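Here's upload20.txt, which has compact mmCIF, C-alpha atoms:
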# COMPACT_ATOMS: atom_id res chain seq x y z
CA MET A 125 16.60 -49.01 93.24
CA ALA A 126 15.31 -47.73 89.88
CA ILE A 127 15.66 -49.75 86.72
CA ILE A 128 16.90 -47.74 83.80
CA GLN A 129 16.20 -49.06 80.35
CA SER A 130 17.26 -47.58 77.07
CA TYR A 131 15.49 -47.83 73.76
CA PRO A 132 16.99 -47.24 70.36
CA THR A 133 16.39 -43.78 68.99
CA VAL A 134 14.73 -43.80 65.60
CA THR A 135 14.98 -40.78 63.39
CA PRO A 136 11.93 -40.53 61.14
CA THR A 137 12.55 -40.62 57.43
CA THR A 138 10.53 -38.90 54.71
CA SER A 139 8.55 -42.12 54.24
CA ASP A 140 7.55 -42.06 57.94
CA LEU A 141 6.16 -38.52 58.08
CA VAL A 142 2.47 -38.58 57.22
CA LEU A 143 1.24 -35.26 55.86
CA ILE A 144 -2.26 -36.05 54.64
CA VAL A 145 -4.83 -38.44 56.04
CA ASP A 146 -8.22 -38.90 54.41
CA THR A 147 -10.77 -40.63 56.57
CA SER A 148 -13.98 -42.45 55.84
CA GLU A 149 -17.28 -41.64 57.54
CA ASP A 150 -16.46 -43.98 60.41
CA GLY A 151 -13.22 -42.08 61.11
CA ASN A 152 -10.86 -44.79 59.89
CA PRO A 153 -7.99 -43.65 57.67
CA THR A 154 -8.51 -44.57 54.01
CA LYS A 155 -5.59 -42.75 52.36
CA THR A 156 -2.34 -41.26 53.57
CA ALA A 157 0.42 -39.33 51.85
CA THR A 158 3.93 -39.17 53.20
CA VAL A 159 6.67 -36.69 52.37
CA ALA A 160 8.24 -39.37 50.16
CA ASP A 161 4.95 -39.86 48.27
CA ILE A 162 4.70 -36.16 47.52
CA GLN A 163 8.35 -35.91 46.49
CA SER A 164 7.89 -38.86 44.14
CA ALA A 165 4.74 -37.42 42.58
CA THR A 166 6.33 -34.00 42.15
CA ALA A 167 9.29 -35.55 40.35
CA THR A 168 7.03 -37.09 37.71
CA VAL A 169 4.45 -34.34 37.26
CA SER A 170 5.11 -31.51 34.86
CA GLN A 171 4.79 -27.96 36.10
CA THR A 172 4.47 -26.44 32.63
CA LEU A 173 3.45 -26.97 29.03
CA VAL A 174 6.64 -25.35 27.78
CA PRO A 175 7.82 -28.05 25.37
CA PHE A 176 10.91 -30.18 25.62
CA LEU A 177 12.67 -29.50 22.31
CA ILE A 178 14.31 -32.25 20.27
CA THR A 179 16.23 -31.62 17.06
CA ALA A 180 15.76 -34.84 15.10
CA SER A 181 17.79 -36.01 12.13
CA PRO A 182 17.91 -39.24 10.11
CA GLY A 183 19.40 -42.14 12.07
CA GLY A 184 19.21 -40.29 15.39
CA SER A 185 17.59 -41.41 18.61
CA SER A 186 16.92 -40.31 22.17
CA THR A 187 15.21 -41.48 25.33
CA PHE A 188 12.84 -38.96 26.89
CA SER A 189 13.29 -38.53 30.63
CA ASP A 190 12.30 -34.90 31.28
CA VAL A 191 9.38 -33.90 33.52
CA LYS A 192 7.80 -31.75 30.81
CA ASP A 193 4.64 -33.16 29.26
CA MET A 194 5.04 -31.67 25.78
CA ILE A 195 7.69 -32.75 23.28
CA TYR A 196 8.22 -30.65 20.16
CA ILE A 197 10.39 -32.25 17.49
CA ASP A 198 12.22 -30.11 14.96
CA TRP A 199 13.25 -32.26 11.98
CA THR A 200 16.48 -31.37 10.21
CA GLY A 201 18.26 -33.18 7.43
CA GLY A 202 17.04 -35.45 4.69
CA ALA A 203 15.11 -38.69 4.52
CA GLY A 204 15.29 -41.23 7.32
CA THR A 205 13.89 -42.21 10.69
CA TYR A 206 14.44 -40.77 14.17
CA ASN A 207 13.68 -43.02 17.17
CA LEU A 208 12.22 -41.50 20.33
CA THR A 209 11.85 -43.80 23.35
CA LEU A 210 9.36 -42.88 26.07
CA PRO A 211 10.05 -43.49 29.76
CA SER A 212 8.81 -46.73 31.29
CA ALA A 213 5.01 -46.67 31.67
CA ALA A 214 5.44 -48.51 34.97
CA ALA A 215 7.77 -45.79 36.29
CA VAL A 216 5.43 -42.92 35.36
CA GLN A 217 2.01 -44.44 35.99
CA TYR A 218 -0.90 -42.34 34.62
CA ARG A 219 1.36 -39.77 32.96
CA LEU A 220 0.20 -37.97 29.82
CA ILE A 221 2.76 -36.94 27.18
CA ARG A 222 2.08 -34.95 24.01
CA ILE A 223 4.35 -35.16 20.99
CA SER A 224 4.25 -32.81 18.01
CA ASN A 225 6.57 -31.91 15.15
CA ASN A 226 7.38 -29.06 12.82
CA GLY A 227 6.24 -29.23 9.20
CA ASN A 228 9.36 -31.05 7.98
CA VAL A 229 8.27 -34.56 8.93
CA GLY A 230 6.77 -36.62 6.12
CA ALA A 231 6.56 -40.01 4.46
CA ASN A 232 10.33 -40.11 3.86
CA ASN A 233 11.42 -38.54 7.14
CA LYS A 234 9.56 -40.00 10.07
CA ILE A 235 9.62 -40.29 13.84
CA ASP A 236 9.11 -43.66 15.51
CA VAL A 237 7.96 -43.35 19.13
CA TYR A 238 8.98 -46.43 21.12
CA ALA A 239 7.84 -47.92 24.39
CA PRO A 240 10.88 -49.23 26.31
CA GLY A 241 11.72 -52.89 26.84
CA SER A 242 8.75 -55.22 26.55
CA GLU A 243 6.20 -52.42 27.00
CA THR A 244 3.99 -51.40 24.10
CA ILE A 245 2.52 -48.24 22.66
CA ASP A 246 -1.00 -48.89 21.38
CA GLY A 247 -0.25 -52.63 21.40
CA ALA A 248 2.88 -52.35 19.23
CA SER A 249 6.56 -51.73 19.92
CA TYR A 250 6.39 -48.26 18.31
CA TYR A 251 4.03 -45.64 16.89
CA ARG A 252 5.01 -43.84 13.68
CA ILE A 253 4.59 -40.11 13.10
CA ASN A 254 5.07 -39.38 9.39
CA LYS A 255 3.02 -36.31 8.48
CA PRO A 256 3.81 -32.58 8.75
CA HIS A 257 2.62 -31.04 12.03
CA ASN A 258 1.36 -34.47 13.09
CA GLY A 259 1.33 -35.44 16.74
CA ILE A 260 0.02 -37.78 19.38
CA GLN A 261 -1.04 -37.69 22.98
CA CYS A 262 -0.20 -40.85 24.88
CA TRP A 263 -1.04 -41.99 28.39
CA SER A 264 0.64 -44.49 30.68
CA ASP A 265 -1.75 -47.03 32.15
CA GLY A 266 1.02 -48.16 34.49
CA THR A 267 1.98 -51.08 32.26
CA ASN A 268 2.01 -49.77 28.67
CA TRP A 269 1.51 -46.57 26.69
CA VAL A 270 -1.86 -45.89 25.06
CA VAL A 271 -2.33 -43.36 22.25
CA ILE A 272 -5.46 -41.53 23.32
CA GLN A 273 -5.32 -38.86 20.63
CA ALA A 274 -3.63 -38.69 17.26
CA LYS A 275 -3.72 -35.66 15.00
CA SER A 276 -4.40 -36.45 11.39
CA THR A 277 -3.74 -34.05 8.56
Let me see whether you can do it: turn the structure in this file into structure tokens.
Amino acid sequence: MAIIQSYPTVTPTTSDLVLIVDTSEDGNPTKTATVADIQSATATVSQTLVPFLITASPGGSSTFSDVKDMIYIDWTGGAGTYNLTLPSAAAVQYRLIRISNNGNVGANNKIDVYAPGSETIDGASYYRINKPHNGIQCWSDGTNWVVIQAKST
């Protein structure tokens, strides 16, 4: 008489489906990319340099969470400070974000760019933009934000 055994059926998930395998010279896999890896990377990589627009005014604040890599800040109102918080550097490892402003930002109306929580931006809790048409380019090292370029006027 035959013995019939049953095994649980497993439906593969997006993290199980390997799409890319890079092999070394000896034929052993060195890197793989699953559907989930690609979906995650696509969610954090910008597809355009069309800027994310922020209208800033004294006492205002926002937390940036868009996939765009360019932020253009339009200052309205009088003197004061607007606080912009970047996403977590750990959540968007190796991401590059550019921030620029219109000509209405100055010594009395400034933008403070914050790293969230205990993270830092150039070793401090915030980076100040306080000159017309001034901007920065910052990069996530996976732990903190680093200003790699700052426009001076």
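Atom CA of Ser242 of chain A is positioned 28.3 Å from atom CA of Ala203 of chain A.
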**Study point:** Separation of atom CA of Leu177 of chain A from atom CA of Thr205 of chain A, in Å and rounded to one decimal
**Key:**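 Atom CA of Leu177 of chain A sits 17.3 Å away from atom CA of Thr205 of chain A.
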Practice item. Find the residues around Cys262 of chain A up to 6 Å (all atoms listed in the file counted), leave out those fewer than 2 positions away in its own chain, and share them as a PyMOL selection string. Key: chain A and resi 220-221+270-272
Exercise for review: State, in Å with one decimal place, the distance from atom CA of Ser212 of chain A to atom CA of Asp236 of chain A.
Suggested key: 16.1 Å
Practice item. For the point (9.7, -39.9, 8.4) in the file's frame, write as a PyMOL selection string all residues with an atom no more than 7 Å away, counting all atoms listed in the file. Key: chain A and resi 203-205+229-235+253-254
Review point. Which one of A:Ser264, A:Leu173, A:Arg219, A:Val191 sits closest to Asp246 of chain A if you count only C-alpha atoms?
Key: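 Checking each candidate against Asp246 of chain A, we get A:Ser264 as the closest.
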Point to revise | From A:Ile223, A:Ala248, A:Leu210, A:Ala215, residue lying nearest Phe176 of chain A [all atoms listed in the file] | key: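 Smallest distance to Phe176 of chain A is found for A:Ile223.
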Review point. With all atoms listed in the file as the basis for distance, which of A:Ala214, A:Val174, A:Met194, A:Ala180 is at the shortest distance from Gly266 of chain A?
Key: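 When distances to Gly266 of chain A are compared using all atoms listed in the file, the smallest one comes from A:Ala214.
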Exercise for review: Find, counting only C-alpha atoms, the residue in A:Ile178, A:Arg222, A:Glu243, A:Asn207 that gets nearest to Ile260 of chain A.
Suggested key: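 Once distances to Ile260 of chain A are computed over only C-alpha atoms, the minimum belongs to A:Arg222.
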**Study point:** Proximity to Asp193 of chain A - best of A:Ala239, A:Val216, A:Ala274, A:Ile245, only C-alpha atoms
**Key:**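 Looking at the shortest contact to Asp193 of chain A, the residue is A:Val216.
Residue nearest Gly241 of chain A, chosen from A:Gly183, A:Pro211, A:Gly227, A:Pro256 and counting all atoms listed in the file: A:Pro211.
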